[in-house]
Amino acid sequence: MKFVKGSGLTMQDVLEQGRKILKKAKIEQSDPESELILSAAIRKPREFIYTHPEYALSRSEKGNFANFIKRRAKRLPLAYIIGVKEFYGLAFFVNKNVLIPRPETEGLIDLALKEINEIRQTGIDKIDIIDIGTGSGAIILSLAKTILGSRIMNDIAFFAVDKSKKSLIIAQENAKRLGVNEHIQFLHGNLIQPYLKSTQRKRYKIQDARYKIFLANLPYLTSKEMKNLQPEVRYEPRQALDGGKDGLDVYRSFFKQLAKLQNNPFAAICEIAPGQKNEFLKIVKASLPQSATEFIKDLSSRTRFAAIENPPR
């Protein structure tokens with residue numbers, strides 16, 4: 001289906017055309033997605049569409065909308081087209097260099113806040129929070145924004161780690177947009193190694209009184225799942241999705257590195273796939289035999305998170 005050309009086309013006119021094209025492409029949420037795409041095309045809030053249905057689009061606005069709709073019909077993720085994804089009530093800039101934040105991952109923020117409160121009740125207020133594989137920065141920036149806007153902020157330091165320099169650029173841009181850039185240390189490298197090097201450079205020992213909370217939403221899709229991805233997911237960075245044969249290869253490397261800290265108090269909160277619980281626990285115990293692991297379900301009652309304490313309190 002092609003767009004009907006002509007002058008004076010209103011938002012209602014182009015919206016109807018956009019909806020038909022998306023429905024034909026089997027986009028389930030064709031109505032709301034058409035509105036979000038139109039909002040991005042005319043660079044106005046979505047509410048403007050409802051309050052000004054008679055608004056006539058300019059030639060450039062019609063061109064933008066047609067281009068965006070055609071790209072979405074080819075199953076390019078909506079977030080990459082409009083450049084924004086909402087997460088934990090905040091808007092994050094995203095592009096093809098970062099994984100699109102998922103709603104279920106918001107549970108990591110809640111678990112981290114719970115862990116911080118419990119740690120502070122033991123008398124510890126010097127805490128490092130380290131986001132491993134930060135991507136767009138959605139996890140660590142949402143957490144920092146929440147903490148900085150509350151009264152629980154004492155001596156808490158935030159670290160965002162990623163092996164992709166392109167991802168770190170996106171995360172830094174989001175930090176600036178959210179006004180927390182000066183509170184985040186962005187580190188380039190593999191898993192926890194950049195953090196260990198950073199803390200050593202700062203001349204305080206790893207064995208000091210600072211409690212460490214590692215947040216990890218690492219790749220956990222299996223090789224079989226990678227072959228059967230939804231069309232939209234195929235556009236996302238493979239290295240942010242592919243966890244190897246059983247989906248846990250990156251977590252194995254992560255916990256082998258954490259073993260270097262096994263004589264120091266820390267927590268790790270990880271997102272996993274439902275069904276990985278037993279093998280994940282074996283990985284944890286192999287590297288951190290003295291640790292305790294709790295598995296937490298998501299809002300759909302599926303095992304989604306693992307909270308590890310070393311040593312258990």
# chains A, B, ... in the order shown; residues from 1 in each chain; ligands from 1
>>> residues_around(residues="A:Asp128", least_positions_apart="5", cutoff="6 Å", atoms="only C-alpha atoms", output="number ranges by chain")
A: 156-157, 212
>>> write_last_selection(atoms="N, CA and C atoms", output="PDB file, in the first residue's frame")
ATOM      1  N   ILE A 156      26.988   6.960  48.013  1.00  0.00           N
ATOM      2  CA  ILE A 156      26.703   5.957  46.991  1.00  0.00           C
ATOM      3  C   ILE A 156      27.340   6.393  45.678  1.00  0.00           C
ATOM      4  N   ALA A 157      28.120   5.500  45.092  1.00  0.00           N
ATOM      5  CA  ALA A 157      28.780   5.780  43.814  1.00  0.00           C
ATOM      6  C   ALA A 157      28.186   4.879  42.737  1.00  0.00           C
ATOM      7  N   LYS A 212      29.462  -3.488  47.660  1.00  0.00           N
ATOM      8  CA  LYS A 212      29.303  -3.454  46.212  1.00  0.00           C
ATOM      9  C   LYS A 212      28.025  -4.181  45.792  1.00  0.00           C
TER      10      LYS A 212
END
>>> residues_around(residues="A:Glu33", least_positions_apart="5", cutoff="12 Å", atoms="only C-alpha atoms", output="PyMOL selection string")
chain A and resi 15-16+18-23+27-28+38-40+46+65+68-69+72-73+77-79+81-82
>>> residues_around(residues="A:Asn310", least_positions_apart="2", cutoff="8 Å", atoms="only C-alpha atoms", output="PyMOL selection string")
chain A and resi 262+264-267+288+290-292+308+312
>>> atom_distance(atom1="atom CA of A:Arg59", atom2="atom CA of A:Lys74")
22.9 Å
>>> select_by_dssp(residues="stretch 66-301 of chain A", states="helix (DSSP H, G or I)", output="number ranges by chain")
A: 66-73, 78-82, 103-120, 138-148, 165-178, 181-183, 193-201, 223-226, 233-235, 238-240, 249-261, 277-287
